[in-house]
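J.: Sharing a structure with you now.
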Amino acid sequence: MYSEKVMDHFSNPRNVGEIENPSGVGTVGNAKCGDIMRMYLDIDENGVIQEAKFKTFGCGAAVATSSMATELVKGRTVRQALEVTNKAVMEALDGLPPEKVHCSLLAEEAIHAALWDYAEKNHITIDGLEKP
Amino acid sequence: MYSEKVMDHFSNPRNVGEIENPSGVGTVGNAKCGDIMRMYLDIDENGVIQEAKFKTFGCGAAVATSSMATELVKGRTVRQALEVTNKAVMEALDGLPPEKVHCSLLAEEAIHAALWDYAEKNHITIDGLEKP
Amino acid sequence: MIYLDNAATTKVSEEVFEAMKPYFCEQYANPSAIYSFAGKAMKAVEESRKSIADLIGAQSNEIYFTAGGSESDNWAVKSAAECCKAKGKHIITSTIEHHAVLHTCQYLEKQGYEVTYVNVDEHGVIRLDELEAAIRPDTILITVMAANNEIGTIQPLKEIGALAKKGGILFHTDAVQAYGHIPLDVDELGIDMLSASGHKFHGPKGIGFLYVRKGVRIGSFVHGGAQERSRRAGTLNVPGIVGIGAAACRAAASMQERQERETALRDHLIRRVLAEIPFSRLNGHGTDRLPGNANFCFRFIEGESLLILLDQQGICASSGSACTSGSLDPSHVLLAIGLPHEIAHGSLRLTLSEETTMEDIDHTVDVVKKIVERLRSMSPLYEDFIRQNRKKDEEA
Amino acid sequence: MIYLDNAATTKVSEEVFEAMKPYFCEQYANPSAIYSFAGKAMKAVEESRKSIADLIGAQSNEIYFTAGGSESDNWAVKSAAECCKAKGKHIITSTIEHHAVLHTCQYLEKQGYEVTYVNVDEHGVIRLDELEAAIRPDTILITVMAANNEIGTIQPLKEIGALAKKGGILFHTDAVQAYGHIPLDVDELGIDMLSASGHKFHGPKGIGFLYVRKGVRIGSFVHGGAQERSRRAGTLNVPGIVGIGAAACRAAASMQERQERETALRDHLIRRVLAEIPFSRLNGHGTDRLPGNANFCFRFIEGESLLILLDQQGICASSGSACTSGSLDPSHVLLAIGLPHEIAHGSLRLTLSEETTMEDIDHTVDVVKKIVERLRSMSPLYEDFIRQNRKKDEEA
Ligand SMILES: Cc1ncc(COP(=O)(O)O)c(C=O)c1O
Ligand SMILES: Cc1ncc(COP(=O)(O)O)c(C=O)c1O
């Protein structure tokens, strides 16, 4: 059902955990649908994402997309992180079963939510970022 | 499907054939339904059936009931032959499958038809025998 | 034993059985489950689906597994009726369909559908002119079998497909006797739905499939779980599915060779019977017939007696179709090709398989010959016929 | 591998497979044929029918073979609807039926029938008072499952049967999970129709049956040949039928022993899980449940992740029913017993068989414990819960 990449990121998820006093944190999804993702970002003064951590309640694909999403934003600037779309996450995982595509959307939303929090905390606006 | 008795009478039918100048002969059934029985009787001056022969076009049960019917009437008087009902034939064969019961009726009719022919030829009436 | 009733069912080939075997006690998972143990079963299911699709030029996702030919026929016909009823309620079929189609049509007639039963000619070929004339604006389905189970006649599917296409009408074919025996290509023939059954081509009983062309709407026949893309509920019969797939594979590999071999045996059988048994006739088409099918009528005798006596000589054969044995009516197919009742009652179907040998055929003809003689000697119809002939001779 | 998904499907037992084996390549006849070769197959079919009937106190001629539980359910419900529509168009069922019944009911609703879905209590037991209150003069069918496939709760069939009888209403029960596992007697329980499926009790997949009480009218579901007293067309699946019969025989012989053994293992499993894994709960009834069924919810985690990690440790289990895996909705059964969505998402069903050992159970509990811990450590819901508790502690 899942690609090897998905299984790898599910079985050995990268960047699980919390960040104390994060630059931004965002939680998306809801328990009713069976998926919740929380993403923590540590962003330095140059707008570069130094660290990304996540916690996820959800299926294998939800965990794997969270893990991949944190990998993809780490070391990137805020602007670059905005380009990590659900497609990018899916491709990096060698695809997802059709009924699991929504998980990758959730991952994209989690990035955006964390960035929004960062922007609000720092009273800045990030071009192209909408309120999640 | 068939009892051993039926199979025996089908495989080794008794009294197959014709009688030249029979005392009575009767043919019943029709090809449309898939069964035709012809019964020949040789009846002596005392009204005793000396010989009975048959020819049958039909299924295994049709052949077996014809064979059994000839056996049951042989050596009997005309009156006794009238008592060889379809039930008697069936019982003598240890039963028939439900969809084959009509064959035993045909055998009874064949006896009656041959007896009717005998009665007509001899200008007599046989009590309890109706025109077939 | 000489088994010449391969149209009723076939022996599961050893290879097919070997392929199925692991799926009973070892790879027994429910393929819909999530664990990897189930993944292996699902893989086997999908491989089977592909083999089955390949043989008729279809795609895997156009194949839906069922419990056999009857279910496939019921599903196709009832579902087409249901899905297209907004367009109309008229169905066209032939007079010689299998009961799985005929009785389904009769059921639909009670539900307010109208069915035209198109006649066949004396060889059992559907009358295309009648078929064309029967098409109406409210015709929603044409269902005509690929090859007849009794007399083996192969129908002009391509022409029927073209008529259906022209009229924008769904075309279903009951290919239960044809699939795996003669080449069929759903695109070339313009087939929208096709039924087949595993046990007719050395696969197992209790498994079949319905091909449904992509884009053709089809309702559920069995409601429930999400199996078969939510179209046919029920835990997948994995060993059965593996078996029918393996049988399709085998059939594909040996199709031409088998066809040639069986046709040669069949023609030898037909030649000998017609030459050596008087008052016999071949039913069905002389050449457009299934490679393994021979169907005869022997005047003055009745089929069941013949079958029982053949059985006593170790020969398995049939008269009409197996599932109507025990019925009093003669075959609707033989009546449809114009035979009178008393002749239709005296039919014998001998159907060959890849295992049938020339010795089997020759021995069978010898035995049939003797039995026919014997039954005629006790037949009042034959007696009458001989008497009349004698009388004619005397008069002449 | 530890296989704890016996409610999804079971391994065909070696004895059952041995019984089936001759019917593929040796005794392959179509049992409807006339020759003696077919008679042997037919005898095997009738012996199976008797074994199956015996296990529920029925007569052989009340058993109709089908392709499985889903077909049996569809047939029973649709046929009752069709046959009784002159009396009324109201059907009563429960909210926790299998989709084979629920989706069939939904289909009938589209056809103009009215369906009342009676609620269950928190243990999954149907509310008899609601059921009684739902009965109307136009109620034609009550269909309530014998035991639930997810949470294992056994329903009060006798009480339901009595209510049905009082109202002159047909009573169908989906006994797919119960047949062969717990004693059932159709007369004692007042059951008019009963569905079962071979692969749920160590028989093969693709074969099931419908029991129909003598005198109850039933229409054809599959039209065609005269098999099964013209009620269900299609060449009989002889190996499948022999298999389900052999499985019924085996089940009858070992019923009590199995029940006791599995109940003991199950209770040990339940005790350990509830004692050793915090925030876990048992779904379904504490005692009125299938011997082999345990179903848990673990708060803060999601079922699929748990299943994949179990799979990686060689344990086959399920969450919800197999055929809805991949669906985004949580189990309708867990919602029906009153669980909120987020808890219903975190369920685990472990279903035992006669082959399950105490070691399997203990090892499974150890593994589940670790996985639950691990998943909680990455769960934002658990994080929130711990934070709130800490806050409360600090406030206190
Ligand atoms: C309660 C219940 N009913 C019906 C079914 C359907 O049975 P099958 O999958 O054999 O068609 C199942 C199992 O899948 C079941 O557990
Ligand atoms: C032409 C045809 N259609 C349908 C069927 C029904 O197939 P099954 O018996 O596998 O359901 C048969 C054989 O019995 C057949 O010969």
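We label chains A, B, ... in the order they appear in the structure tokens, count residues from 1 in each chain, and number ligands from 1 in the order shown.
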Would you give me, as number ranges by chain, the residues in region 109-283 of chain C that DSSP reads as alpha helix (DSSP H)?

T.: C: 109-110, 128-134, 157-167, 186-189, 227-230, 238-276

J.: Mind running chain D against ligand 2 at 10 Å and telling me each contacting residue's nearest atom pair with the distance in Å (one decimal), counting only C-alpha atoms and all ligand atoms, chain and number ascending, as a tab-separated table?

T.:
```
residue	atom	partner	partner_atom_place_in_ligand_line	distance
D:Asn30	CA	ligand 2	9 (O)	9.0
D:Val222	CA	ligand 2	11 (O)	9.0
D:His223	CA	ligand 2	11 (O)	9.6
D:Gly224	CA	ligand 2	6 (C)	7.5
D:Gly225	CA	ligand 2	14 (O)	7.5
D:Gln227	CA	ligand 2	9 (O)	9.1
D:Arg232	CA	ligand 2	11 (O)	9.5
D:Ala233	CA	ligand 2	11 (O)	6.5
D:Gly234	CA	ligand 2	11 (O)	3.4
D:Thr235	CA	ligand 2	9 (O)	3.6
D:Leu236	CA	ligand 2	9 (O)	7.2
D:Asn237	CA	ligand 2	10 (O)	8.7
```

J.: With N, CA, C and O atoms kept, could you save the residues just selected as a PDB file, in the first residue's frame?

T.:
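Generated file (again16.pdb):
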```pdb
ATOM      1  N   ASN D  30     -19.794 -31.903 -12.610  1.00  0.00           N
ATOM      2  CA  ASN D  30     -20.894 -30.999 -12.310  1.00  0.00           C
ATOM      3  C   ASN D  30     -21.978 -31.860 -11.654  1.00  0.00           C
ATOM      4  O   ASN D  30     -22.529 -32.755 -12.295  1.00  0.00           O
ATOM      5  N   VAL D 222     -30.000 -15.018  -7.710  1.00  0.00           N
ATOM      6  CA  VAL D 222     -29.320 -15.264  -8.983  1.00  0.00           C
ATOM      7  C   VAL D 222     -30.251 -16.141  -9.820  1.00  0.00           C
ATOM      8  O   VAL D 222     -30.512 -17.279  -9.448  1.00  0.00           O
ATOM      9  N   HIS D 223     -30.747 -15.606 -10.910  1.00  0.00           N
ATOM     10  CA  HIS D 223     -31.651 -16.354 -11.791  1.00  0.00           C
ATOM     11  C   HIS D 223     -30.858 -17.195 -12.774  1.00  0.00           C
ATOM     12  O   HIS D 223     -29.771 -16.820 -13.190  1.00  0.00           O
ATOM     13  N   GLY D 224     -31.428 -18.318 -13.193  1.00  0.00           N
ATOM     14  CA  GLY D 224     -30.747 -19.145 -14.192  1.00  0.00           C
ATOM     15  C   GLY D 224     -31.118 -20.599 -14.049  1.00  0.00           C
ATOM     16  O   GLY D 224     -32.300 -20.940 -14.059  1.00  0.00           O
ATOM     17  N   GLY D 225     -30.103 -21.442 -13.925  1.00  0.00           N
ATOM     18  CA  GLY D 225     -30.319 -22.893 -13.852  1.00  0.00           C
ATOM     19  C   GLY D 225     -31.124 -23.303 -12.637  1.00  0.00           C
ATOM     20  O   GLY D 225     -31.453 -22.488 -11.770  1.00  0.00           O
ATOM     21  N   GLN D 227     -30.362 -25.123 -10.091  1.00  0.00           N
ATOM     22  CA  GLN D 227     -29.654 -25.520  -8.877  1.00  0.00           C
ATOM     23  C   GLN D 227     -30.342 -24.961  -7.624  1.00  0.00           C
ATOM     24  O   GLN D 227     -31.035 -23.957  -7.679  1.00  0.00           O
ATOM     25  N   ARG D 232     -31.131 -20.524  -6.437  1.00  0.00           N
ATOM     26  CA  ARG D 232     -29.838 -19.851  -6.588  1.00  0.00           C
ATOM     27  C   ARG D 232     -29.085 -20.550  -7.712  1.00  0.00           C
ATOM     28  O   ARG D 232     -28.510 -21.616  -7.513  1.00  0.00           O
ATOM     29  N   ALA D 233     -29.116 -19.928  -8.879  1.00  0.00           N
ATOM     30  CA  ALA D 233     -28.520 -20.533 -10.067  1.00  0.00           C
ATOM     31  C   ALA D 233     -27.003 -20.491 -10.004  1.00  0.00           C
ATOM     32  O   ALA D 233     -26.417 -19.670  -9.308  1.00  0.00           O
ATOM     33  N   GLY D 234     -26.395 -21.367 -10.787  1.00  0.00           N
ATOM     34  CA  GLY D 234     -24.939 -21.411 -10.887  1.00  0.00           C
ATOM     35  C   GLY D 234     -24.442 -22.805 -10.572  1.00  0.00           C
ATOM     36  O   GLY D 234     -24.914 -23.439  -9.626  1.00  0.00           O
ATOM     37  N   THR D 235     -23.492 -23.290 -11.375  1.00  0.00           N
ATOM     38  CA  THR D 235     -22.894 -24.594 -11.125  1.00  0.00           C
ATOM     39  C   THR D 235     -22.418 -24.644  -9.676  1.00  0.00           C
ATOM     40  O   THR D 235     -21.763 -23.719  -9.205  1.00  0.00           O
ATOM     41  N   LEU D 236     -22.768 -25.710  -8.988  1.00  0.00           N
ATOM     42  CA  LEU D 236     -22.407 -25.802  -7.572  1.00  0.00           C
ATOM     43  C   LEU D 236     -20.893 -25.811  -7.404  1.00  0.00           C
ATOM     44  O   LEU D 236     -20.179 -26.513  -8.120  1.00  0.00           O
ATOM     45  N   ASN D 237     -20.432 -25.025  -6.442  1.00  0.00           N
ATOM     46  CA  ASN D 237     -19.010 -24.934  -6.119  1.00  0.00           C
ATOM     47  C   ASN D 237     -18.674 -26.130  -5.214  1.00  0.00           C
ATOM     48  O   ASN D 237     -18.617 -26.005  -3.995  1.00  0.00           O
TER      49      ASN D 237
END
```

J.: Which residues are near ligand 1 - at most 10 Å, using only C-alpha atoms and all ligand atoms? Format: as a ChimeraX atom specification.

T.: /C:30,222-225,227,232-237 /D:7-9,66-74,96-102,144-150,152,173-178,195-200,204-209,321-323

J.: Please check the contacts: residues of chain C at most 6 Å away from chain B, using only C-alpha atoms, listed as a list in words.

T.: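 Applying the cut-off to the listed atoms yields Ile301, Glu302, Glu304, Ser305, His341, Glu342, Met378, Ser379 and Pro380 of chain C.
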
J.: Would you give me, as a PyMOL selection string, the residues in region 245-373 of chain D that DSSP reads as strand (DSSP E or B)?

T.: chain D and resi 280-282+289+293-298+315-316+318+347-351

J.: Grab the residues selected above and save them as a CSV table (one decimal), in the first residue's frame with C-alpha atoms.

T.:
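Full text of selection_10.csv as output:
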```csv
chain,number,residue,atom,x,y,z
D,280,SER,CA,-7.3,2.0,27.4
D,281,ARG,CA,-10.8,0.7,27.3
D,282,LEU,CA,-12.5,-2.5,26.2
D,289,ARG,CA,-19.1,-11.5,23.5
D,293,ASN,CA,-12.9,-11.2,20.2
D,294,ALA,CA,-11.2,-8.4,22.1
D,295,ASN,CA,-11.5,-4.8,21.0
D,296,PHE,CA,-9.8,-1.9,22.6
D,297,CYS,CA,-9.5,1.8,22.3
D,298,PHE,CA,-6.2,3.5,23.3
D,315,ILE,CA,1.5,-9.3,14.5
D,316,CYS,CA,-1.6,-9.3,12.2
D,318,SER,CA,-7.1,-4.9,12.6
D,347,SER,CA,-9.2,1.1,18.1
D,348,LEU,CA,-7.5,-2.3,17.9
D,349,ARG,CA,-9.3,-5.5,17.3
D,350,LEU,CA,-7.5,-8.8,18.2
D,351,THR,CA,-9.4,-11.9,17.3
```

J.: I'd like the contact shell of Ala81 (chain C) - 12 Å cut-off, only C-alpha atoms, skipping same-chain residues fewer than 2 positions apart - returned as a VMD selection string.

T.: chain C and resid 74 to 79 83 to 92 104 to 105 107 to 109 111 to 115 138 to 143 169 to 170 172 217 to 219

J.: Produce a file of the selected residues containing C-alpha atoms, as a tab-separated table (two decimals), in the first residue's frame.

T.:
```
chain	number	residue	atom	x	y	z
C	74	ASN	CA	-27.48	-11.56	-13.60
C	75	TRP	CA	-25.36	-8.63	-12.57
C	76	ALA	CA	-24.74	-7.37	-16.10
C	77	VAL	CA	-28.33	-7.60	-17.23
C	78	LYS	CA	-29.99	-6.35	-14.04
C	79	SER	CA	-27.49	-3.56	-13.58
C	83	CYS	CA	-28.72	2.11	-14.68
C	84	CYS	CA	-30.29	2.91	-18.04
C	85	LYS	CA	-33.96	2.94	-17.14
C	86	ALA	CA	-34.11	6.70	-17.59
C	87	LYS	CA	-33.33	6.10	-21.26
C	88	GLY	CA	-35.71	3.22	-21.75
C	89	LYS	CA	-36.81	-0.21	-20.66
C	90	HIS	CA	-36.29	-2.30	-23.77
C	91	ILE	CA	-33.80	-5.18	-23.90
C	92	ILE	CA	-32.84	-7.35	-26.84
C	104	THR	CA	-33.09	-12.80	-15.72
C	105	CYS	CA	-34.84	-11.24	-18.72
C	107	TYR	CA	-37.65	-11.52	-14.21
C	108	LEU	CA	-37.14	-8.05	-15.65
C	109	GLU	CA	-40.27	-8.42	-17.76
C	111	GLN	CA	-40.54	-5.59	-13.32
C	112	GLY	CA	-41.94	-3.69	-16.29
C	113	TYR	CA	-39.15	-4.10	-18.83
C	114	GLU	CA	-39.83	-5.23	-22.37
C	115	VAL	CA	-37.67	-7.92	-23.91
C	138	ASP	CA	-35.70	2.98	-25.87
C	139	THR	CA	-33.46	-0.07	-26.31
C	140	ILE	CA	-30.88	-0.01	-23.54
C	141	LEU	CA	-29.16	-3.38	-23.77
C	142	ILE	CA	-28.34	-6.08	-26.28
C	143	THR	CA	-27.26	-9.31	-24.62
C	169	ILE	CA	-26.80	0.64	-26.79
C	170	LEU	CA	-24.86	-1.39	-24.22
C	172	HIS	CA	-23.25	-7.61	-23.07
C	217	ARG	CA	-21.96	2.64	-15.40
C	218	ILE	CA	-22.57	-0.40	-13.30
C	219	GLY	CA	-24.47	-0.69	-10.03
```

J.: Which is closest to Gly338 (chain C) among C:Arg229, C:His123, C:Arg299, C:His268, if we use only C-alpha atoms?

T.: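 For Gly338 (chain C), the nearest of the given residues is C:His123.
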
J.: Using only C-alpha atoms, which residues sit within 12 Å of Ile111 (chain A) once same-chain residues fewer than 5 positions away are excluded, as an MDAnalysis selection string?

T.: chainID A and resid 24:28 37:41 49 52:54 65:74 78:86 89 104:106 116:118 129:132

J.: Work out how far apart CA of Lys392 (chain D) and CA of Asn21 (chain A) are and give it in Å to one decimal.

T.: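 Distance reported for this atom pair: 20.9 Å.
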
J.: If we count only C-alpha atoms and set the cut-off at 9 Å, which residues sit around Leu352 (chain C), ignoring sequence neighbours fewer than 6 positions away in its own chain? Please answer as a ChimeraX atom specification.

T.: /C:3-7,262,265-266,291-294

J.: Would you output that residue set with all heavy atoms, as an mmCIF file, in the first residue's frame?

T.:
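Output contents, as saved in again03.cif:
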```cif
data_model
loop_
_atom_site.group_PDB
_atom_site.id
_atom_site.type_symbol
_atom_site.label_atom_id
_atom_site.label_comp_id
_atom_site.auth_asym_id
_atom_site.auth_seq_id
_atom_site.Cartn_x
_atom_site.Cartn_y
_atom_site.Cartn_z
ATOM 1 N N TYR C 3 -14.582 -38.734 -20.334
ATOM 2 C CA TYR C 3 -15.370 -37.574 -19.933
ATOM 3 C C TYR C 3 -15.586 -36.661 -21.122
ATOM 4 O O TYR C 3 -14.648 -36.004 -21.596
ATOM 5 C CB TYR C 3 -14.651 -36.829 -18.806
ATOM 6 C CG TYR C 3 -15.457 -35.666 -18.269
ATOM 7 C CD1 TYR C 3 -16.553 -35.871 -17.444
ATOM 8 C CD2 TYR C 3 -15.131 -34.354 -18.618
ATOM 9 C CE1 TYR C 3 -17.306 -34.812 -16.963
ATOM 10 C CE2 TYR C 3 -15.874 -33.282 -18.136
ATOM 11 C CZ TYR C 3 -16.961 -33.522 -17.320
ATOM 12 O OH TYR C 3 -17.704 -32.470 -16.843
ATOM 13 N N LEU C 4 -16.796 -36.637 -21.630
ATOM 14 C CA LEU C 4 -17.113 -35.785 -22.787
ATOM 15 C C LEU C 4 -18.236 -34.821 -22.430
ATOM 16 O O LEU C 4 -19.181 -34.630 -23.176
ATOM 17 C CB LEU C 4 -17.470 -36.658 -23.996
ATOM 18 C CG LEU C 4 -16.287 -37.460 -24.562
ATOM 19 C CD1 LEU C 4 -16.753 -38.424 -25.652
ATOM 20 C CD2 LEU C 4 -15.204 -36.520 -25.117
ATOM 21 N N ASP C 5 -18.103 -34.213 -21.244
ATOM 22 C CA ASP C 5 -19.099 -33.232 -20.817
ATOM 23 C C ASP C 5 -18.397 -31.960 -20.344
ATOM 24 O O ASP C 5 -18.762 -31.352 -19.345
ATOM 25 C CB ASP C 5 -19.988 -33.829 -19.715
ATOM 26 C CG ASP C 5 -21.319 -33.089 -19.599
ATOM 27 O OD1 ASP C 5 -21.667 -32.323 -20.531
ATOM 28 O OD2 ASP C 5 -22.005 -33.276 -18.582
ATOM 29 N N ASN C 6 -17.399 -31.564 -21.115
ATOM 30 C CA ASN C 6 -16.603 -30.397 -20.733
ATOM 31 C C ASN C 6 -17.346 -29.072 -20.858
ATOM 32 O O ASN C 6 -16.859 -28.059 -20.367
ATOM 33 C CB ASN C 6 -15.311 -30.367 -21.540
ATOM 34 C CG ASN C 6 -14.352 -31.448 -21.088
ATOM 35 O OD1 ASN C 6 -13.725 -31.324 -20.057
ATOM 36 N ND2 ASN C 6 -14.287 -32.547 -21.838
ATOM 37 N N ALA C 7 -18.504 -29.062 -21.487
ATOM 38 C CA ALA C 7 -19.294 -27.837 -21.501
ATOM 39 C C ALA C 7 -20.057 -27.689 -20.184
ATOM 40 O O ALA C 7 -20.448 -26.589 -19.807
ATOM 41 C CB ALA C 7 -20.270 -27.840 -22.674
ATOM 42 N N GLU C 262 -8.544 -29.807 -31.016
ATOM 43 C CA GLU C 262 -9.935 -30.163 -30.692
ATOM 44 C C GLU C 262 -10.826 -30.108 -31.927
ATOM 45 O O GLU C 262 -11.719 -30.941 -32.090
ATOM 46 C CB GLU C 262 -10.489 -29.249 -29.592
ATOM 47 C CG GLU C 262 -9.939 -29.618 -28.220
ATOM 48 C CD GLU C 262 -10.441 -28.703 -27.101
ATOM 49 O OE1 GLU C 262 -11.575 -28.196 -27.201
ATOM 50 O OE2 GLU C 262 -9.678 -28.499 -26.133
ATOM 51 N N LEU C 265 -10.385 -33.343 -33.833
ATOM 52 C CA LEU C 265 -11.071 -34.464 -33.174
ATOM 53 C C LEU C 265 -12.584 -34.344 -33.350
ATOM 54 O O LEU C 265 -13.280 -35.317 -33.643
ATOM 55 C CB LEU C 265 -10.737 -34.486 -31.674
ATOM 56 C CG LEU C 265 -9.343 -34.965 -31.283
ATOM 57 C CD1 LEU C 265 -9.165 -34.854 -29.772
ATOM 58 C CD2 LEU C 265 -9.144 -36.418 -31.724
ATOM 59 N N ARG C 266 -13.059 -33.136 -33.138
ATOM 60 C CA ARG C 266 -14.498 -32.885 -33.251
ATOM 61 C C ARG C 266 -14.990 -33.229 -34.655
ATOM 62 O O ARG C 266 -16.019 -33.897 -34.825
ATOM 63 C CB ARG C 266 -14.758 -31.401 -32.961
ATOM 64 C CG ARG C 266 -16.176 -30.962 -33.160
ATOM 65 C CD ARG C 266 -16.271 -29.457 -33.314
ATOM 66 N NE ARG C 266 -15.866 -29.037 -34.652
ATOM 67 C CZ ARG C 266 -15.658 -27.764 -35.015
ATOM 68 N NH1 ARG C 266 -15.793 -26.785 -34.135
ATOM 69 N NH2 ARG C 266 -15.303 -27.466 -36.259
ATOM 70 N N PRO C 291 -14.627 -25.313 -30.751
ATOM 71 C CA PRO C 291 -13.760 -26.415 -31.162
ATOM 72 C C PRO C 291 -14.136 -27.739 -30.504
ATOM 73 O O PRO C 291 -14.023 -28.783 -31.132
ATOM 74 C CB PRO C 291 -12.371 -25.980 -30.697
ATOM 75 C CG PRO C 291 -12.450 -24.531 -30.399
ATOM 76 C CD PRO C 291 -13.877 -24.154 -30.243
ATOM 77 N N GLY C 292 -14.607 -27.674 -29.281
ATOM 78 C CA GLY C 292 -14.835 -28.922 -28.560
ATOM 79 C C GLY C 292 -16.266 -29.422 -28.572
ATOM 80 O O GLY C 292 -16.583 -30.392 -27.901
ATOM 81 N N ASN C 293 -17.148 -28.768 -29.319
ATOM 82 C CA ASN C 293 -18.573 -29.101 -29.211
ATOM 83 C C ASN C 293 -19.117 -29.908 -30.387
ATOM 84 O O ASN C 293 -18.960 -29.515 -31.542
ATOM 85 C CB ASN C 293 -19.392 -27.809 -29.066
ATOM 86 C CG ASN C 293 -20.895 -28.065 -29.087
ATOM 87 O OD1 ASN C 293 -21.456 -28.482 -30.107
ATOM 88 N ND2 ASN C 293 -21.556 -27.839 -27.963
ATOM 89 N N ALA C 294 -19.761 -31.031 -30.086
ATOM 90 C CA ALA C 294 -20.527 -31.764 -31.090
ATOM 91 C C ALA C 294 -21.881 -32.067 -30.481
ATOM 92 O O ALA C 294 -21.968 -32.488 -29.323
ATOM 93 C CB ALA C 294 -19.812 -33.050 -31.474
#
```

J.: Tell me, in Å to one decimal, how far CA of Gln313 (chain D) is from CA of Ile2 (chain D).

T.: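 Rounded to one decimal, the two atoms are 9.1 Å apart.
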
J.: Determine the nearest neighbour of Gly314 (chain C) from the options D:Ala162, D:Glu354, D:Phe37, D:Arg136, counting only C-alpha atoms.

T.: D:Phe37

J.: To one decimal place, how far is CA of Arg49 (chain C) from CA of Gly243 (chain C) in Å?

T.: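 Value for the CA of Arg49 (chain C)-CA of Gly243 (chain C) distance: 10.9 Å.
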